[in-house]
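Next comes model15.csv, a file with CSV, N, CA and C atoms.
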chain,number,residue,atom,x,y,z
A,213,MET,N,77.9,190.1,39.7
A,213,MET,CA,79.1,189.3,40.2
A,213,MET,C,78.8,187.8,40.1
A,214,ALA,N,79.8,187.0,39.6
A,214,ALA,CA,79.6,185.6,39.5
A,214,ALA,C,79.6,184.9,40.9
A,215,THR,N,78.8,183.8,40.9
A,215,THR,CA,78.8,183.1,42.2
A,215,THR,C,80.1,182.4,42.5
A,216,THR,N,80.3,182.1,43.7
A,216,THR,CA,81.6,181.4,44.1
A,216,THR,C,81.5,179.9,43.7
A,217,GLN,N,82.5,179.4,43.1
A,217,GLN,CA,82.5,178.0,42.8
A,217,GLN,C,82.7,177.2,44.0
A,218,SER,N,82.0,176.1,44.1
A,218,SER,CA,82.1,175.2,45.3
A,218,SER,C,83.2,174.2,44.9
A,219,ALA,N,83.7,173.4,45.9
A,219,ALA,CA,84.7,172.4,45.7
A,219,ALA,C,84.1,171.3,44.8
A,220,ALA,N,82.8,171.1,44.9
A,220,ALA,CA,82.2,170.1,44.0
A,220,ALA,C,82.2,170.5,42.6
A,221,GLU,N,82.1,171.8,42.3
A,221,GLU,CA,82.1,172.3,41.0
A,221,GLU,C,83.6,172.4,40.4
A,222,ILE,N,84.5,172.6,41.3
A,222,ILE,CA,85.9,172.7,40.9
A,222,ILE,C,86.6,171.4,40.6
A,223,MET,N,86.2,170.4,41.4
A,223,MET,CA,86.9,169.1,41.3
A,223,MET,C,86.8,168.5,39.8
A,224,PRO,N,85.7,168.5,39.1
A,224,PRO,CA,85.7,167.9,37.8
A,224,PRO,C,86.6,168.7,36.8
A,225,LEU,N,86.9,170.0,37.1
A,225,LEU,CA,87.8,170.7,36.3
A,225,LEU,C,89.3,170.3,36.5
A,226,LEU,N,89.6,169.8,37.7
A,226,LEU,CA,90.9,169.3,38.0
A,226,LEU,C,91.2,167.9,37.6
A,227,GLU,N,90.2,167.1,37.5
A,227,GLU,CA,90.4,165.7,37.2
A,227,GLU,C,91.2,165.4,35.9
A,228,PRO,N,91.0,166.2,34.8
A,228,PRO,CA,91.8,165.9,33.6
A,228,PRO,C,93.3,166.1,33.7
A,229,LEU,N,93.7,166.8,34.8
A,229,LEU,CA,95.1,167.1,35.0
A,229,LEU,C,95.9,165.8,35.3
A,230,THR,N,95.3,164.9,36.0
A,230,THR,CA,96.1,163.7,36.5
A,230,THR,C,96.6,162.9,35.3
A,231,GLY,N,97.9,162.6,35.4
A,231,GLY,CA,98.6,161.9,34.3
A,231,GLY,C,99.2,162.8,33.3
A,232,GLN,N,98.8,164.0,33.3
A,232,GLN,CA,99.3,165.0,32.3
A,232,GLN,C,100.7,165.6,32.6
A,233,LYS,N,101.4,166.0,31.6
A,233,LYS,CA,102.7,166.7,31.8
A,233,LYS,C,102.4,168.2,31.8
A,234,ILE,N,103.1,168.9,32.7
A,234,ILE,CA,103.0,170.3,32.8
A,234,ILE,C,104.0,170.9,31.8
A,235,ALA,N,103.5,171.8,31.0
A,235,ALA,CA,104.3,172.6,30.0
A,235,ALA,C,104.9,173.8,30.7
A,236,ALA,N,104.0,174.5,31.4
A,236,ALA,CA,104.4,175.8,32.1
A,236,ALA,C,103.4,176.2,33.1
A,237,LEU,N,103.8,177.0,34.1
A,237,LEU,CA,102.9,177.6,35.0
A,237,LEU,C,103.3,179.1,34.9
A,238,GLN,N,102.3,179.9,34.5
A,238,GLN,CA,102.4,181.3,34.4
A,238,GLN,C,101.7,182.0,35.6
A,239,VAL,N,102.4,182.7,36.4
A,239,VAL,CA,101.8,183.5,37.5
A,239,VAL,C,101.8,184.9,37.1
A,240,LEU,N,100.6,185.4,36.7
A,240,LEU,CA,100.5,186.8,36.1
A,240,LEU,C,100.1,187.8,37.1
A,241,GLY,N,99.6,187.4,38.3
A,241,GLY,CA,99.3,188.4,39.3
A,241,GLY,C,100.6,188.8,40.0
A,242,ILE,N,100.9,190.0,40.0
A,242,ILE,CA,102.3,190.4,40.5
A,242,ILE,C,102.5,190.0,42.0
A,243,ASN,N,101.5,190.0,42.8
A,243,ASN,CA,101.7,189.6,44.2
A,243,ASN,C,101.3,188.2,44.5
A,244,SER,N,101.0,187.4,43.5
A,244,SER,CA,100.4,186.1,43.7
A,244,SER,C,101.4,185.0,44.1
A,245,LEU,N,102.6,185.0,43.5
A,245,LEU,CA,103.6,184.0,43.8
A,245,LEU,C,104.2,184.2,45.1
A,246,LYS,N,104.1,183.3,46.0
A,246,LYS,CA,104.5,183.4,47.4
A,246,LYS,C,105.8,182.7,47.7
A,247,THR,N,106.3,181.9,46.7
A,247,THR,CA,107.6,181.2,46.9
A,247,THR,C,108.5,181.4,45.7
A,248,LEU,N,109.8,181.5,45.9
A,248,LEU,CA,110.7,181.6,44.8
A,248,LEU,C,111.6,180.4,44.5
A,249,SER,N,111.6,179.5,45.4
A,249,SER,CA,112.4,178.3,45.3
A,249,SER,C,111.5,177.1,45.7
A,250,PRO,N,111.3,176.2,44.8
A,250,PRO,CA,111.9,176.1,43.4
A,250,PRO,C,111.2,177.1,42.5
A,251,PRO,N,112.0,177.4,41.4
A,251,PRO,CA,111.4,178.4,40.4
A,251,PRO,C,110.3,177.7,39.6
A,252,LEU,N,109.5,178.6,38.9
A,252,LEU,CA,108.4,178.1,38.1
A,252,LEU,C,108.9,177.1,37.0
A,253,GLU,N,110.1,177.4,36.5
A,253,GLU,CA,110.6,176.6,35.4
A,253,GLU,C,110.8,175.1,35.8
A,254,ALA,N,111.0,174.9,37.1
A,254,ALA,CA,111.2,173.5,37.6
A,254,ALA,C,110.0,172.6,37.4
A,255,LEU,N,108.8,173.2,37.1
A,255,LEU,CA,107.6,172.4,36.9
A,255,LEU,C,107.5,171.9,35.5
A,256,ALA,N,108.2,172.5,34.6
A,256,ALA,CA,108.1,172.0,33.2
A,256,ALA,C,108.5,170.6,33.0
A,257,GLY,N,107.6,169.8,32.4
A,257,GLY,CA,107.9,168.3,32.3
A,257,GLY,C,107.5,167.5,33.4
A,258,GLU,N,107.0,168.1,34.5
A,258,GLU,CA,106.6,167.3,35.7
A,258,GLU,C,105.2,166.7,35.3
A,259,VAL,N,105.0,165.4,35.8
A,259,VAL,CA,103.7,164.7,35.6
A,259,VAL,C,102.8,165.0,36.8
A,260,VAL,N,101.6,165.3,36.6
A,260,VAL,CA,100.6,165.5,37.7
A,260,VAL,C,100.2,164.1,38.2
A,261,THR,N,100.4,163.9,39.5
A,261,THR,CA,100.1,162.6,40.0
A,261,THR,C,98.7,162.7,40.8
A,262,ALA,N,98.3,163.9,41.2
A,262,ALA,CA,97.0,164.0,41.9
A,262,ALA,C,96.6,165.5,41.9
A,263,ALA,N,95.3,165.7,41.9
A,263,ALA,CA,94.8,167.1,42.0
A,263,ALA,C,93.6,167.1,42.9
A,264,ASP,N,93.5,168.0,43.8
A,264,ASP,CA,92.4,168.0,44.8
A,264,ASP,C,92.0,169.4,45.2
A,265,VAL,N,90.8,169.6,45.7
A,265,VAL,CA,90.4,170.9,46.2
A,265,VAL,C,89.7,170.7,47.5
A,266,VAL,N,90.0,171.5,48.5
A,266,VAL,CA,89.3,171.5,49.8
A,266,VAL,C,89.0,173.0,50.1
A,267,ASP,N,87.7,173.2,50.2
A,267,ASP,CA,87.1,174.6,50.3
A,267,ASP,C,87.6,175.4,49.1
A,268,ARG,N,88.4,176.4,49.3
A,268,ARG,CA,88.9,177.2,48.2
A,268,ARG,C,90.3,177.0,47.9
A,269,ALA,N,90.9,175.9,48.4
A,269,ALA,CA,92.3,175.7,48.2
A,269,ALA,C,92.5,174.5,47.3
A,270,LEU,N,93.3,174.7,46.2
A,270,LEU,CA,93.6,173.6,45.2
A,270,LEU,C,95.0,173.1,45.5
A,271,ARG,N,95.2,171.8,45.3
A,271,ARG,CA,96.5,171.2,45.5
A,271,ARG,C,96.7,170.4,44.2
A,272,VAL,N,97.9,170.6,43.6
A,272,VAL,CA,98.3,169.8,42.5
A,272,VAL,C,99.6,169.2,42.8
A,273,ASP,N,99.6,167.8,42.9
A,273,ASP,CA,100.9,167.1,43.2
A,273,ASP,C,101.5,166.7,41.9
A,274,THR,N,102.8,166.8,41.8
A,274,THR,CA,103.6,166.3,40.7
A,274,THR,C,104.6,165.3,41.2
A,275,THR,N,105.4,164.7,40.3
A,275,THR,CA,106.4,163.8,40.7
A,275,THR,C,107.3,164.3,41.8
A,276,SER,N,107.7,165.6,41.6
A,276,SER,CA,108.7,166.2,42.6
A,276,SER,C,108.2,167.4,43.3
A,277,HIS,N,107.0,167.9,43.0
A,277,HIS,CA,106.6,169.1,43.7
A,277,HIS,C,105.1,169.1,44.1
A,278,VAL,N,104.8,170.0,45.0
A,278,VAL,CA,103.4,170.3,45.4
A,278,VAL,C,103.1,171.7,45.1
A,279,ILE,N,102.0,172.0,44.3
A,279,ILE,CA,101.6,173.3,43.9
A,279,ILE,C,100.3,173.6,44.7
A,280,SER,N,100.3,174.7,45.4
A,280,SER,CA,99.1,175.0,46.1
A,280,SER,C,98.5,176.4,45.6
A,281,PHE,N,97.2,176.4,45.4
A,281,PHE,CA,96.6,177.7,44.9
A,281,PHE,C,95.5,178.0,45.9
A,282,ASP,N,95.5,179.2,46.5
A,282,ASP,CA,94.4,179.6,47.3
A,282,ASP,C,93.5,180.6,46.5
A,283,LEU,N,92.3,180.2,46.2
A,283,LEU,CA,91.4,181.0,45.4
A,283,LEU,C,90.8,182.2,46.2
A,284,GLN,N,91.1,182.3,47.5
A,284,GLN,CA,90.5,183.4,48.3
A,284,GLN,C,89.0,183.3,48.1
A,285,ARG,N,88.3,184.5,48.2
A,285,ARG,CA,86.9,184.5,48.1
A,285,ARG,C,86.3,184.5,46.7
A,286,THR,N,87.0,185.2,45.8
A,286,THR,CA,86.4,185.4,44.5
A,286,THR,C,87.1,184.7,43.3
A,287,GLY,N,88.1,183.9,43.5
A,287,GLY,CA,88.8,183.3,42.4
A,287,GLY,C,88.0,182.1,41.8
A,288,ARG,N,88.1,181.9,40.5
A,288,ARG,CA,87.4,180.9,39.8
A,288,ARG,C,88.4,180.1,39.0
A,289,VAL,N,88.0,178.8,38.7
A,289,VAL,CA,88.8,177.9,37.9
A,289,VAL,C,88.1,177.8,36.6
A,290,VAL,N,88.9,178.0,35.5
A,290,VAL,CA,88.3,177.8,34.1
A,290,VAL,C,89.1,176.8,33.4
A,291,LEU,N,88.5,175.7,32.9
A,291,LEU,CA,89.2,174.7,32.1
A,291,LEU,C,89.3,175.2,30.7
A,292,LEU,N,90.5,175.1,30.1
A,292,LEU,CA,90.8,175.5,28.8
A,292,LEU,C,91.1,174.3,27.9
A,293,GLU,N,90.3,174.0,26.9
A,293,GLU,CA,90.6,172.9,26.0
A,293,GLU,C,91.8,173.1,25.2
A,294,SER,N,92.0,174.4,24.8
A,294,SER,CA,93.1,174.8,24.0
A,294,SER,C,93.8,176.0,24.6
A,295,ALA,N,95.0,175.8,25.2
A,295,ALA,CA,95.6,176.9,25.9
A,295,ALA,C,97.0,177.2,25.3
A,296,GLU,N,97.3,178.5,25.3
A,296,GLU,CA,98.6,179.0,24.9
A,296,GLU,C,99.2,179.9,26.0
A,297,PRO,N,100.5,180.1,26.0
A,297,PRO,CA,101.0,181.0,27.0
A,297,PRO,C,100.3,182.4,26.8
A,298,TYR,N,100.0,183.0,28.0
A,298,TYR,CA,99.3,184.3,28.0
A,298,TYR,C,100.3,185.3,27.4
A,299,ARG,N,99.7,186.1,26.5
A,299,ARG,CA,100.4,187.3,26.0
A,299,ARG,C,99.5,188.5,26.2
A,300,PHE,N,100.1,189.6,26.7
A,300,PHE,CA,99.4,190.8,27.0
A,300,PHE,C,98.7,191.3,25.7
A,301,VAL,N,97.4,191.6,25.9
A,301,VAL,CA,96.6,192.2,24.8
A,301,VAL,C,95.8,193.3,25.5
A,302,ALA,N,95.9,194.5,25.0
A,302,ALA,CA,95.2,195.7,25.5
A,302,ALA,C,93.7,195.4,25.5
A,303,GLY,N,93.1,195.7,26.7
A,303,GLY,CA,91.7,195.5,26.8
A,303,GLY,C,91.2,194.1,27.2
A,304,ALA,N,92.1,193.2,27.1
A,304,ALA,CA,91.7,191.8,27.5
A,304,ALA,C,91.9,191.5,29.0
A,305,ASN,N,91.0,190.8,29.6
A,305,ASN,CA,91.2,190.4,31.0
A,305,ASN,C,92.3,189.4,31.1
A,306,ARG,N,93.2,189.6,32.0
A,306,ARG,CA,94.3,188.7,32.2
A,306,ARG,C,94.0,187.7,33.3
A,307,PRO,N,94.3,186.5,33.2
A,307,PRO,CA,94.1,185.5,34.3
A,307,PRO,C,95.2,185.8,35.4
A,308,THR,N,94.9,185.4,36.6
A,308,THR,CA,95.9,185.6,37.6
A,308,THR,C,97.0,184.5,37.5
A,309,VAL,N,96.5,183.3,37.1
A,309,VAL,CA,97.4,182.2,36.9
A,309,VAL,C,97.0,181.4,35.7
A,310,ARG,N,97.9,180.9,34.9
A,310,ARG,CA,97.6,180.0,33.8
A,310,ARG,C,98.5,178.8,33.9
A,311,LEU,N,97.9,177.6,34.0
A,311,LEU,CA,98.6,176.3,34.0
A,311,LEU,C,98.5,175.7,32.6
A,312,LEU,N,99.6,175.5,32.0
A,312,LEU,CA,99.6,175.0,30.6
A,312,LEU,C,100.1,173.5,30.6
A,313,MET,N,99.3,172.7,30.0
A,313,MET,CA,99.7,171.3,29.9
A,313,MET,C,100.3,170.9,28.6
A,314,ALA,N,101.1,169.9,28.5
A,314,ALA,CA,101.8,169.5,27.3
A,314,ALA,C,100.9,169.1,26.2
A,315,ASP,N,99.7,168.6,26.5
A,315,ASP,CA,98.7,168.2,25.4
A,315,ASP,C,98.0,169.4,24.8
A,316,GLY,N,98.3,170.6,25.3
A,316,GLY,CA,97.6,171.8,24.7
A,316,GLY,C,96.5,172.3,25.6
A,317,SER,N,96.1,171.6,26.6
A,317,SER,CA,95.0,172.1,27.4
A,317,SER,C,95.6,172.9,28.6
A,318,GLY,N,94.7,173.4,29.4
A,318,GLY,CA,95.2,174.2,30.6
A,318,GLY,C,94.1,174.6,31.5
A,319,LEU,N,94.5,175.4,32.5
A,319,LEU,CA,93.6,175.9,33.5
A,319,LEU,C,93.9,177.4,33.7
A,320,ASP,N,92.9,178.2,33.8
A,320,ASP,CA,93.1,179.6,34.2
A,320,ASP,C,92.5,179.8,35.6
A,321,LEU,N,93.1,180.5,36.4
A,321,LEU,CA,92.6,180.9,37.7
A,321,LEU,C,92.3,182.4,37.5
A,322,ILE,N,91.1,182.8,37.6
A,322,ILE,CA,90.7,184.2,37.3
A,322,ILE,C,90.0,184.9,38.5
A,323,GLU,N,90.0,186.2,38.5
A,323,GLU,CA,89.4,187.0,39.5
A,323,GLU,C,88.7,188.1,38.9
A,324,PRO,N,87.5,188.6,39.4
A,324,PRO,CA,86.8,189.6,38.8
A,324,PRO,C,87.4,191.0,38.9
A,325,ALA,N,88.1,191.2,40.0
A,325,ALA,CA,88.7,192.6,40.3
A,325,ALA,C,90.1,192.7,39.8
A,326,LYS,N,90.5,194.0,39.7
A,326,LYS,CA,91.9,194.2,39.3
A,326,LYS,C,92.9,193.8,40.4
A,327,THR,N,92.5,193.9,41.7
A,327,THR,CA,93.3,193.5,42.8
A,327,THR,C,93.4,192.0,42.8
A,328,LYS,N,94.6,191.4,42.7
A,328,LYS,CA,94.7,190.0,42.6
A,328,LYS,C,95.0,189.4,44.0
A,329,ARG,N,94.2,188.5,44.4
A,329,ARG,CA,94.3,187.9,45.8
A,329,ARG,C,94.6,186.4,45.7
A,330,ILE,N,94.5,185.7,44.6
A,330,ILE,CA,94.8,184.3,44.5
A,330,ILE,C,96.3,184.2,44.8
A,331,THR,N,96.7,183.2,45.6
A,331,THR,CA,98.1,182.9,45.9
A,331,THR,C,98.5,181.6,45.4
A,332,VAL,N,99.8,181.5,45.1
A,332,VAL,CA,100.5,180.3,44.6
A,332,VAL,C,101.7,180.0,45.4
A,333,THR,N,101.8,178.8,45.9
A,333,THR,CA,103.1,178.3,46.5
A,333,THR,C,103.5,177.0,45.9
A,334,ILE,N,104.8,176.9,45.8
A,334,ILE,CA,105.4,175.7,45.2
A,334,ILE,C,106.4,175.1,46.2
A,335,ALA,N,106.3,173.8,46.5
A,335,ALA,CA,107.2,173.2,47.4
A,335,ALA,C,107.8,171.9,46.8
A,336,THR,N,109.0,171.6,47.1
A,336,THR,CA,109.6,170.4,46.7
A,336,THR,C,109.1,169.3,47.6
A,337,ARG,N,108.8,168.2,47.0
A,337,ARG,CA,108.4,167.0,47.8
A,337,ARG,C,109.5,166.5,48.5
A,338,PRO,N,109.3,166.1,49.8
A,338,PRO,CA,110.4,165.5,50.6
A,338,PRO,C,110.9,164.2,49.9
A,339,ALA,N,112.2,163.9,50.0
A,339,ALA,CA,112.7,162.7,49.3
A,339,ALA,C,112.4,161.5,50.1
Take the structure in the file and write it out as structure tokens.
Amino acid sequence: MATTQSAAEIMPLLEPLTGQKIAALQVLGINSLKTLSPPLEALAGEVVTAADVVDRALRVDTTSHVISFDLQRTGRVVLLESAEPYRFVAGANRPTVRLLMADGSGLDLIEPAKTKRITVTIATRPA
């Protein structure tokens, strides 16, 4: 079993997001998305203004939204230099969440077990 990533290990993976445009957020764990409003599509074109991690909780701020990811105990962050929308492939491990950036990069949030515990919440920033 892989070791748990610390906040110090995760933060450098989040730093390239700042200033980037979000192309899409795919939540592939069936129970992972904890909010329905705003919809995932509302994030497309949003610019990331900040990204941070405290303990096992990631926060990505955009111009109009706040996206929170709770990695729970076993979730890991993987930086993707070249990312495409996830498409089901038999036998391949599916990420729980994939964040795609407009420049072609991205992040996967992955878990070792089939039971997905990473959670995602999206909130609209107060005006």
Considering only C-alpha atoms, give me a table of residues in region 263-316 of chain A that are at most 7 Å from region 323-332 of chain A, with the closest atom pair and distance in Å for each, as a Markdown table.
| residue | atom | partner | partner_atom | distance |
| --- | --- | --- | --- | --- |
| A:Ser280 | CA | A:Val332 | CA | 5.7 |
| A:Phe281 | CA | A:Val332 | CA | 4.7 |
| A:Asp282 | CA | A:Thr331 | CA | 5.2 |
| A:Leu283 | CA | A:Ile330 | CA | 4.8 |
| A:Gln284 | CA | A:Ile330 | CA | 5.8 |
| A:Thr286 | CA | A:Glu323 | CA | 6.0 |
| A:Gly287 | CA | A:Glu323 | CA | 4.7 |
| A:Arg288 | CA | A:Glu323 | CA | 6.4 |
| A:Thr308 | CA | A:Lys328 | CA | 6.8 |
Q | Atomic separation - atom C of Arg285 (chain A) relative to CA of Thr216 (chain A), Å | A | 6.2 Å
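Nearest residue to Asp267 (chain A) among A:Glu221, A:Glu253, A:Glu227, A:Glu296 is A:Glu221, counting only C-alpha atoms.
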Set the distance at 6 Å and use only N, CA and C atoms: which residues neighbour Thr230 (chain A) once local chain neighbours fewer than 5 positions away are removed? I'd like the list as a compact mmCIF listing (two decimals) with N, CA and C atoms, keeping the file's coordinate frame.
# COMPACT_ATOMS: atom_id res chain seq x y z
N VAL A 260 101.60 165.30 36.60
CA VAL A 260 100.60 165.50 37.70
C VAL A 260 100.20 164.10 38.20
N THR A 261 100.40 163.90 39.50
CA THR A 261 100.10 162.60 40.00
C THR A 261 98.70 162.70 40.80
N ALA A 262 98.30 163.90 41.20
CA ALA A 262 97.00 164.00 41.90
C ALA A 262 96.60 165.50 41.90
N ALA A 263 95.30 165.70 41.90
CA ALA A 263 94.80 167.10 42.00
C ALA A 263 93.60 167.10 42.90
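Residue nearest Pro307 (chain A) within the list A:Ile234, A:Leu240, A:Val259, A:Val266: A:Leu240 [criterion: smallest interatomic distance, only N, CA and C atoms].
The shortest atom-to-atom distance to Arg310 (chain A), with all atoms listed in the file taken into account, belongs to A:Gly241 out of A:Pro338, A:Gly241, A:Pro251, A:Gly257.
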